[in-house]
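For reference, start-v5.pdb (PDB, C-alpha atoms and all ligand atoms):
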```pdb
ATOM      1  CA  MET N 111      -3.879 -22.847   6.253  1.00  0.00           C
ATOM      2  CA  LEU N 112      -0.492 -21.201   6.710  1.00  0.00           C
ATOM      3  CA  SER N 113       2.044 -22.299   9.295  1.00  0.00           C
ATOM      4  CA  GLU N 114       3.125 -19.647  11.772  1.00  0.00           C
ATOM      5  CA  LYS N 115       6.569 -19.554  10.182  1.00  0.00           C
ATOM      6  CA  THR N 116       5.208 -19.051   6.670  1.00  0.00           C
ATOM      7  CA  LEU N 117       2.720 -16.446   7.880  1.00  0.00           C
ATOM      8  CA  GLN N 118       5.500 -14.455   9.541  1.00  0.00           C
ATOM      9  CA  ALA N 119       7.652 -14.643   6.428  1.00  0.00           C
ATOM     10  CA  LEU N 120       4.764 -13.545   4.184  1.00  0.00           C
ATOM     11  CA  ASN N 121       4.020 -10.620   6.500  1.00  0.00           C
ATOM     12  CA  LYS N 122       7.685  -9.647   6.315  1.00  0.00           C
ATOM     13  CA  GLN N 123       7.408  -9.735   2.527  1.00  0.00           C
ATOM     14  CA  ILE N 124       4.335  -7.468   2.654  1.00  0.00           C
ATOM     15  CA  ALA N 125       6.489  -4.925   4.508  1.00  0.00           C
ATOM     16  CA  LEU N 126       9.333  -5.314   1.985  1.00  0.00           C
ATOM     17  CA  GLU N 127       7.055  -4.742  -1.014  1.00  0.00           C
ATOM     18  CA  GLY N 128       5.510  -1.741   0.750  1.00  0.00           C
ATOM     19  CA  ASN N 129       8.967  -0.336   1.464  1.00  0.00           C
ATOM     20  CA  ALA N 130       9.974  -0.872  -2.170  1.00  0.00           C
ATOM     21  CA  SER N 131       6.861   1.022  -3.291  1.00  0.00           C
ATOM     22  CA  ALA N 132       7.633   3.952  -0.965  1.00  0.00           C
ATOM     23  CA  SER N 133      11.278   3.948  -1.946  1.00  0.00           C
ATOM     24  CA  TYR N 134      10.422   4.117  -5.677  1.00  0.00           C
ATOM     25  CA  LEU N 135       7.981   6.924  -5.000  1.00  0.00           C
ATOM     26  CA  ALA N 136      10.767   8.915  -3.307  1.00  0.00           C
ATOM     27  CA  MET N 137      13.069   8.178  -6.264  1.00  0.00           C
ATOM     28  CA  ALA N 138      10.374   9.316  -8.710  1.00  0.00           C
ATOM     29  CA  SER N 139      10.016  12.565  -6.817  1.00  0.00           C
ATOM     30  CA  TRP N 140      13.801  13.115  -6.846  1.00  0.00           C
ATOM     31  CA  CYS N 141      13.942  12.443 -10.610  1.00  0.00           C
ATOM     32  CA  GLU N 142      11.041  14.780 -11.297  1.00  0.00           C
ATOM     33  CA  ARG N 143      12.807  17.599  -9.458  1.00  0.00           C
ATOM     34  CA  GLN N 144      15.942  16.973 -11.537  1.00  0.00           C
ATOM     35  CA  GLY N 145      13.939  17.300 -14.762  1.00  0.00           C
ATOM     36  CA  LEU N 146      14.464  13.593 -15.507  1.00  0.00           C
ATOM     37  CA  ASN N 147      10.898  13.001 -16.621  1.00  0.00           C
ATOM     38  CA  GLY N 148      11.534   9.605 -18.229  1.00  0.00           C
ATOM     39  CA  CYS N 149      13.132   8.325 -15.026  1.00  0.00           C
ATOM     40  CA  ALA N 150      10.352   9.877 -12.919  1.00  0.00           C
ATOM     41  CA  THR N 151       7.684   8.072 -14.972  1.00  0.00           C
ATOM     42  CA  PHE N 152       9.655   4.828 -14.661  1.00  0.00           C
ATOM     43  CA  PHE N 153       9.740   5.080 -10.852  1.00  0.00           C
ATOM     44  CA  TYR N 154       6.128   6.251 -10.458  1.00  0.00           C
ATOM     45  CA  ASP N 155       5.079   3.171 -12.458  1.00  0.00           C
ATOM     46  CA  GLN N 156       7.462   0.961 -10.519  1.00  0.00           C
ATOM     47  CA  SER N 157       6.062   2.251  -7.228  1.00  0.00           C
ATOM     48  CA  ALA N 158       2.534   1.339  -8.358  1.00  0.00           C
ATOM     49  CA  GLU N 159       3.762  -2.124  -9.370  1.00  0.00           C
ATOM     50  CA  GLU N 160       5.358  -2.739  -5.991  1.00  0.00           C
ATOM     51  CA  ARG N 161       2.129  -1.708  -4.312  1.00  0.00           C
ATOM     52  CA  MET N 162       0.318  -4.256  -6.482  1.00  0.00           C
ATOM     53  CA  HIS N 163       2.873  -6.905  -5.406  1.00  0.00           C
ATOM     54  CA  MET N 164       2.160  -6.034  -1.778  1.00  0.00           C
ATOM     55  CA  MET N 165      -1.604  -6.192  -2.329  1.00  0.00           C
ATOM     56  CA  LYS N 166      -1.334  -9.631  -3.935  1.00  0.00           C
ATOM     57  CA  ILE N 167       0.343 -11.007  -0.813  1.00  0.00           C
ATOM     58  CA  ILE N 168      -2.159  -9.304   1.504  1.00  0.00           C
ATOM     59  CA  HIS N 169      -5.062 -10.919  -0.368  1.00  0.00           C
ATOM     60  CA  TYR N 170      -3.278 -14.273  -0.501  1.00  0.00           C
ATOM     61  CA  VAL N 171      -2.580 -14.346   3.245  1.00  0.00           C
ATOM     62  CA  ASN N 172      -6.167 -13.447   4.113  1.00  0.00           C
ATOM     63  CA  GLU N 173      -7.518 -15.957   1.601  1.00  0.00           C
ATOM     64  CA  MET N 174      -5.410 -18.606   3.343  1.00  0.00           C
ATOM     65  CA  ASP N 175      -7.071 -17.760   6.658  1.00  0.00           C
ATOM     66  CA  GLY N 176      -4.037 -15.908   7.949  1.00  0.00           C
ATOM     67  CA  HIS N 177      -3.906 -12.301   9.051  1.00  0.00           C
ATOM     68  CA  ALA N 178      -2.044  -9.932   6.759  1.00  0.00           C
ATOM     69  CA  VAL N 179      -0.357  -7.341   8.943  1.00  0.00           C
ATOM     70  CA  ILE N 180       0.536  -3.884   7.666  1.00  0.00           C
ATOM     71  CA  SER N 181       3.544  -2.433   9.428  1.00  0.00           C
ATOM     72  CA  ALA N 182       4.640   1.198   9.570  1.00  0.00           C
ATOM     73  CA  GLN N 183       7.246   2.238   7.033  1.00  0.00           C
ATOM     74  CA  GLY N 184      10.216   4.447   7.719  1.00  0.00           C
ATOM     75  CA  GLN N 185      10.955   7.466   5.550  1.00  0.00           C
ATOM     76  CA  PRO N 186      12.665   6.312   2.346  1.00  0.00           C
ATOM     77  CA  LYS N 187      15.904   7.859   1.120  1.00  0.00           C
ATOM     78  CA  GLY N 188      14.941  10.918  -0.889  1.00  0.00           C
ATOM     79  CA  GLU N 189      18.254  12.437  -2.009  1.00  0.00           C
ATOM     80  CA  TYR N 190      20.829  11.083  -4.447  1.00  0.00           C
ATOM     81  CA  ASP N 191      24.131  12.462  -5.695  1.00  0.00           C
ATOM     82  CA  SER N 192      23.554  11.213  -9.225  1.00  0.00           C
ATOM     83  CA  VAL N 193      21.251   9.139 -11.404  1.00  0.00           C
ATOM     84  CA  GLN N 194      24.057   6.538 -11.531  1.00  0.00           C
ATOM     85  CA  GLU N 195      24.001   6.225  -7.751  1.00  0.00           C
ATOM     86  CA  LEU N 196      20.221   5.966  -7.796  1.00  0.00           C
ATOM     87  CA  PHE N 197      20.072   3.063 -10.277  1.00  0.00           C
ATOM     88  CA  LYS N 198      22.843   1.220  -8.418  1.00  0.00           C
ATOM     89  CA  ALA N 199      20.735   1.529  -5.255  1.00  0.00           C
ATOM     90  CA  VAL N 200      17.720   0.176  -7.164  1.00  0.00           C
ATOM     91  CA  TYR N 201      19.701  -2.852  -8.301  1.00  0.00           C
ATOM     92  CA  LEU N 202      20.823  -3.636  -4.740  1.00  0.00           C
ATOM     93  CA  GLN N 203      17.266  -3.194  -3.497  1.00  0.00           C
ATOM     94  CA  GLU N 204      15.887  -5.598  -6.110  1.00  0.00           C
ATOM     95  CA  LYS N 205      18.583  -8.157  -5.337  1.00  0.00           C
ATOM     96  CA  SER N 206      17.692  -8.069  -1.663  1.00  0.00           C
ATOM     97  CA  VAL N 207      13.981  -8.531  -2.483  1.00  0.00           C
ATOM     98  CA  THR N 208      14.925 -11.523  -4.653  1.00  0.00           C
ATOM     99  CA  SER N 209      16.846 -13.036  -1.732  1.00  0.00           C
ATOM    100  CA  ALA N 210      13.812 -12.525   0.510  1.00  0.00           C
ATOM    101  CA  ILE N 211      11.575 -14.325  -2.010  1.00  0.00           C
ATOM    102  CA  TYR N 212      14.048 -17.226  -2.191  1.00  0.00           C
ATOM    103  CA  GLU N 213      14.122 -17.355   1.595  1.00  0.00           C
ATOM    104  CA  LEU N 214      10.323 -17.458   1.664  1.00  0.00           C
ATOM    105  CA  LEU N 215      10.331 -20.257  -0.896  1.00  0.00           C
ATOM    106  CA  SER N 216      12.721 -22.348   1.125  1.00  0.00           C
ATOM    107  CA  ILE N 217      10.410 -21.935   4.138  1.00  0.00           C
ATOM    108  CA  SER N 218       7.288 -22.930   2.178  1.00  0.00           C
ATOM    109  CA  ASN N 219       9.161 -25.912   0.715  1.00  0.00           C
ATOM    110  CA  LYS N 220      10.276 -27.077   4.137  1.00  0.00           C
ATOM    111  CA  GLU N 221       6.714 -26.706   5.442  1.00  0.00           C
ATOM    112  CA  ASN N 222       5.321 -28.678   2.493  1.00  0.00           C
ATOM    113  CA  ASP N 223       3.137 -25.691   1.726  1.00  0.00           C
ATOM    114  CA  HIS N 224       2.520 -26.319  -1.975  1.00  0.00           C
ATOM    115  CA  SER N 225       0.011 -23.525  -2.296  1.00  0.00           C
ATOM    116  CA  THR N 226       2.471 -20.879  -1.108  1.00  0.00           C
ATOM    117  CA  THR N 227       5.259 -22.373  -3.207  1.00  0.00           C
ATOM    118  CA  LEU N 228       3.037 -22.114  -6.273  1.00  0.00           C
ATOM    119  CA  PHE N 229       1.948 -18.578  -5.354  1.00  0.00           C
ATOM    120  CA  LEU N 230       5.581 -17.472  -5.073  1.00  0.00           C
ATOM    121  CA  GLN N 231       6.535 -18.665  -8.567  1.00  0.00           C
ATOM    122  CA  TRP N 232       5.056 -15.462 -10.003  1.00  0.00           C
ATOM    123  CA  TYR N 233       7.370 -13.418  -7.764  1.00  0.00           C
ATOM    124  CA  VAL N 234      10.428 -15.404  -8.834  1.00  0.00           C
ATOM    125  CA  ALA N 235       9.721 -14.585 -12.493  1.00  0.00           C
ATOM    126  CA  GLU N 236       8.912 -10.964 -11.678  1.00  0.00           C
ATOM    127  CA  GLN N 237      12.188 -10.465  -9.798  1.00  0.00           C
ATOM    128  CA  ARG N 238      14.175 -12.023 -12.649  1.00  0.00           C
ATOM    129  CA  GLU N 239      12.581  -9.559 -15.095  1.00  0.00           C
ATOM    130  CA  GLU N 240      13.082  -6.580 -12.813  1.00  0.00           C
ATOM    131  CA  GLU N 241      16.736  -7.358 -12.144  1.00  0.00           C
ATOM    132  CA  ALA N 242      17.374  -7.817 -15.874  1.00  0.00           C
ATOM    133  CA  GLN N 243      15.680  -4.496 -16.648  1.00  0.00           C
ATOM    134  CA  ILE N 244      17.775  -2.594 -14.112  1.00  0.00           C
ATOM    135  CA  ARG N 245      20.962  -4.254 -15.379  1.00  0.00           C
ATOM    136  CA  THR N 246      20.048  -3.085 -18.895  1.00  0.00           C
ATOM    137  CA  ILE N 247      19.642   0.475 -17.628  1.00  0.00           C
ATOM    138  CA  LEU N 248      22.949   0.284 -15.733  1.00  0.00           C
ATOM    139  CA  ASP N 249      24.685  -0.986 -18.890  1.00  0.00           C
ATOM    140  CA  LYS N 250      23.257   1.926 -20.907  1.00  0.00           C
ATOM    141  CA  ILE N 251      24.343   4.377 -18.218  1.00  0.00           C
ATOM    142  CA  LYS N 252      27.864   2.967 -18.421  1.00  0.00           C
ATOM    143  CA  LEU N 253      27.871   3.238 -22.236  1.00  0.00           C
ATOM    144  CA  ILE N 254      26.581   6.800 -22.218  1.00  0.00           C
ATOM    145  CA  GLY N 255      29.184   7.876 -19.676  1.00  0.00           C
ATOM    146  CA  THR N 256      29.182  11.142 -17.780  1.00  0.00           C
ATOM    147  CA  GLY N 257      29.691  13.674 -20.567  1.00  0.00           C
ATOM    148  CA  GLY N 258      27.819  16.973 -20.942  1.00  0.00           C
ATOM    149  CA  GLN N 259      24.514  15.653 -22.247  1.00  0.00           C
ATOM    150  CA  SER N 260      24.633  12.276 -20.529  1.00  0.00           C
ATOM    151  CA  LEU N 261      21.616  12.948 -18.293  1.00  0.00           C
ATOM    152  CA  TYR N 262      19.526  13.819 -21.328  1.00  0.00           C
ATOM    153  CA  PHE N 263      20.485  10.564 -23.090  1.00  0.00           C
ATOM    154  CA  ILE N 264      20.021   8.429 -19.967  1.00  0.00           C
ATOM    155  CA  ASP N 265      16.547   9.886 -19.516  1.00  0.00           C
ATOM    156  CA  GLN N 266      15.775   9.188 -23.175  1.00  0.00           C
ATOM    157  CA  GLU N 267      16.833   5.545 -22.776  1.00  0.00           C
ATOM    158  CA  VAL N 268      14.606   5.120 -19.732  1.00  0.00           C
ATOM    159  CA  GLN N 269      11.768   6.805 -21.623  1.00  0.00           C
ATOM    160  CA  ASN N 270      12.205   4.185 -24.384  1.00  0.00           C
ATOM    161  CA  ILE N 271      11.915   1.451 -21.749  1.00  0.00           C
ATOM    162  CA  ASN N 272       8.707   3.091 -20.449  1.00  0.00           C
ATOM    163  CA  ALA N 273       7.252   3.062 -23.954  1.00  0.00           C
ATOM    164  CA  LEU N 274       8.178  -0.589 -24.446  1.00  0.00           C
ATOM    165  CA  ARG N 275       6.697  -1.503 -21.087  1.00  0.00           C
ATOM    166  CA  GLY N 276       3.466   0.331 -21.909  1.00  0.00           C
ATOM    167  CA  GLN N 277       3.250  -1.528 -25.205  1.00  0.00           C
ATOM    168  CA  GLU N 278       3.844  -4.930 -23.533  1.00  0.00           C
ATOM    169  CA  GLU N 279       1.183  -4.196 -20.940  1.00  0.00           C
ATOM    170  CA  ALA N 280      -1.323  -3.187 -23.620  1.00  0.00           C
ATOM    171  CA  GLU N 281      -0.574  -6.380 -25.564  1.00  0.00           C
ATOM    172  CA  ALA N 282      -0.912  -8.503 -22.428  1.00  0.00           C
ATOM    173  CA  GLU N 283      -4.313  -6.884 -21.734  1.00  0.00           C
ATOM    174  CA  GLU N 284      -5.459  -7.682 -25.242  1.00  0.00           C
ATOM    175  CA  GLY N 285      -4.241 -11.239 -24.793  1.00  0.00           C
ATOM    176  CA  ILE N 286      -1.698 -10.924 -27.607  1.00  0.00           C
ATOM    177  CA  ALA N 287       1.395 -11.623 -25.458  1.00  0.00           C
TER     178      ALA N 287
HETATM  179 FE1  LIG N 301       8.116  -6.550  -5.860  1.00  0.00          FE
HETATM  180  O1  LIG N 301       9.091  -6.613  -7.375  1.00  0.00           O
HETATM  181 FE2  LIG N 301      10.799  -5.998  -7.147  1.00  0.00          FE
HETATM  182  O2  LIG N 301      10.925  -5.525  -5.515  1.00  0.00           O
END
```

Written as structure tokens, that's how I'd like the structure from this file.
Amino acid sequence: MLSEKTLQALNKQIALEGNASASYLAMASWCERQGLNGCATFFYDQSAEERMHMMKIIHYVNEMDGHAVISAQGQPKGEYDSVQELFKAVYLQEKSVTSAIYELLSISNKENDHSTTLFLQWYVAEQREEEAQIRTILDKIKLIGTGGQSLYFIDQEVQNINALRGQEEAEAEEGIA
């Protein structure tokens, strides 16, 4: 059974994950129009992941006899001046989701809600990985610079990350990782 405070915070997190999914979808669409196919694939996949994060919380809340509420989402930002600006926005977005997860954890701790605290551990690890991945991309973007073919090389780097991610997922499915 969830306390009212925890339920409210979890419902807020459902909205945040849903917003993140919509925001990544808009970014994917922007990248696709720019011919950045590696980046577009990255964000389409990321959007699907965020939706999965949202779904996990919805199922958890309902399993705990709460009521998972789905709130309306505003239109996500769909235009960027550069791929650099876009990835900086992603990093800020992920950091704010991490803060929201920490906030949720401090509520569940205060409420002695061990089940929710345990449930949230997965999100803590996920956020750490996501932030690290975006920092890696930002570092590469900085190294590549803004020269003539920089967009091509940035897209290639992100495509390499997609390939690695696909490989890790396949290994995890086979129980290797
Ligand atoms: Fe939901 O993983 Fe980031 O935001």

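Taking CA of Thr116 (chain N) as the reference point, CA of Thr226 (chain N) is found at 8.4 Å.
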
Practice problem: Could I get the residue neighbourhood of ligand LIG 301 (chain N) at 6 Å, counting all atoms listed in the file, as a ChimeraX atom specification? | Solution: /N:127,130,160,163,204,207,237

Practice problem: Please provide as a ChimeraX atom specification all residues within 12 Å of Glu159 (chain N), with the sequence filter that same-chain residues fewer than 2 positions apart are discarded (counting all atoms listed in the file). | Solution: /N:127-128,130-132,134-135,152-157,161-166,233,236-237,240

Around all of region 139-142 of chain N's listed atoms, make the axis-aligned box with 6 Å on each side and tell me centre and edge lengths in Å to one decimal, as lines of an AutoDock Vina configuration file.
```
center_x = 12.0
center_y = 13.6
center_z = -9.1
size_x = 15.9
size_y = 14.3
size_z = 16.5
```

Practice problem: Translate the PyMOL selection byres (((chain N and resi 150) around 10) and not hetatm), as applied to the file shown, into an explicit residue set as a VMD selection string. | Solution: chain N and resid 134 to 149 151 to 156 265 268 to 269

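Here CA of Val193 (chain N) is placed at a distance of 10.8 Å from CA of Ile247 (chain N).
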
Got a sec: who's within 12 Å of Glu239 (chain N), counting only C-alpha atoms, leaving out chain neighbours fewer than 6 positions off, as a compact mmCIF listing (two decimals) with C-alpha atoms, in the frame of the given file?
```txt
# COMPACT_ATOMS: atom_id res chain seq x y z
CA TYR N 201 19.70 -2.85 -8.30
CA GLU N 204 15.89 -5.60 -6.11
CA LYS N 205 18.58 -8.16 -5.34
CA THR N 208 14.92 -11.52 -4.65
CA TRP N 232 5.06 -15.46 -10.00
CA TYR N 233 7.37 -13.42 -7.76
CA ARG N 245 20.96 -4.25 -15.38
CA THR N 246 20.05 -3.08 -18.90
CA ARG N 275 6.70 -1.50 -21.09
```

Exercise. Using only C-alpha atoms, find the one residue out of N:Glu283, N:Glu241, N:Asp223, N:Asp249 that sits nearest to Met174 (chain N).
Key: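 Using only C-alpha atoms, the shortest distance to Met174 (chain N) belongs to N:Asp223.
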
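Put simply, CA of Leu202 (chain N) is 28.9 Å away from CA of Glu221 (chain N).
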
Quiz item: Residues at most 7 Å from Ala178 (chain N), counting only C-alpha atoms, excluding those fewer than 3 positions away in the same chain, as a VMD selection string?
Solution: chain N and resid 121 168 171 to 172

Exercise. Would you kindly return, as a ChimeraX atom specification, each protein, DNA or RNA residue with an atom no farther than 9 Å from any atom of Leu248 (chain N), considering only C-alpha atoms and excluding same-chain residues fewer than 4 positions away?
Key: /N:194,197-198,201,243-244,252-253

Quiz item: Hey, what's within 8 Å of Gln123 (chain N) if we count only C-alpha atoms and toss same-chain stuff fewer than 3 positions away? As a PyMOL selection string, please?
Solution: chain N and resi 119-120+126-127+164+167+210-211

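Between Phe229 (chain N) and the residues N:Asn129, N:Tyr262, N:Asn270, N:Leu215, the shortest atom-to-atom distance, using only C-alpha atoms, involves N:Leu215.
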
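Here the PyMOL selection byres (((chain N and resi 182) around 10) and not hetatm) captures the residues N:Ala125, N:Gly128, N:Asn129, N:Val179, N:Ile180, N:Ser181, N:Gln183, N:Gly184, N:Gln185.
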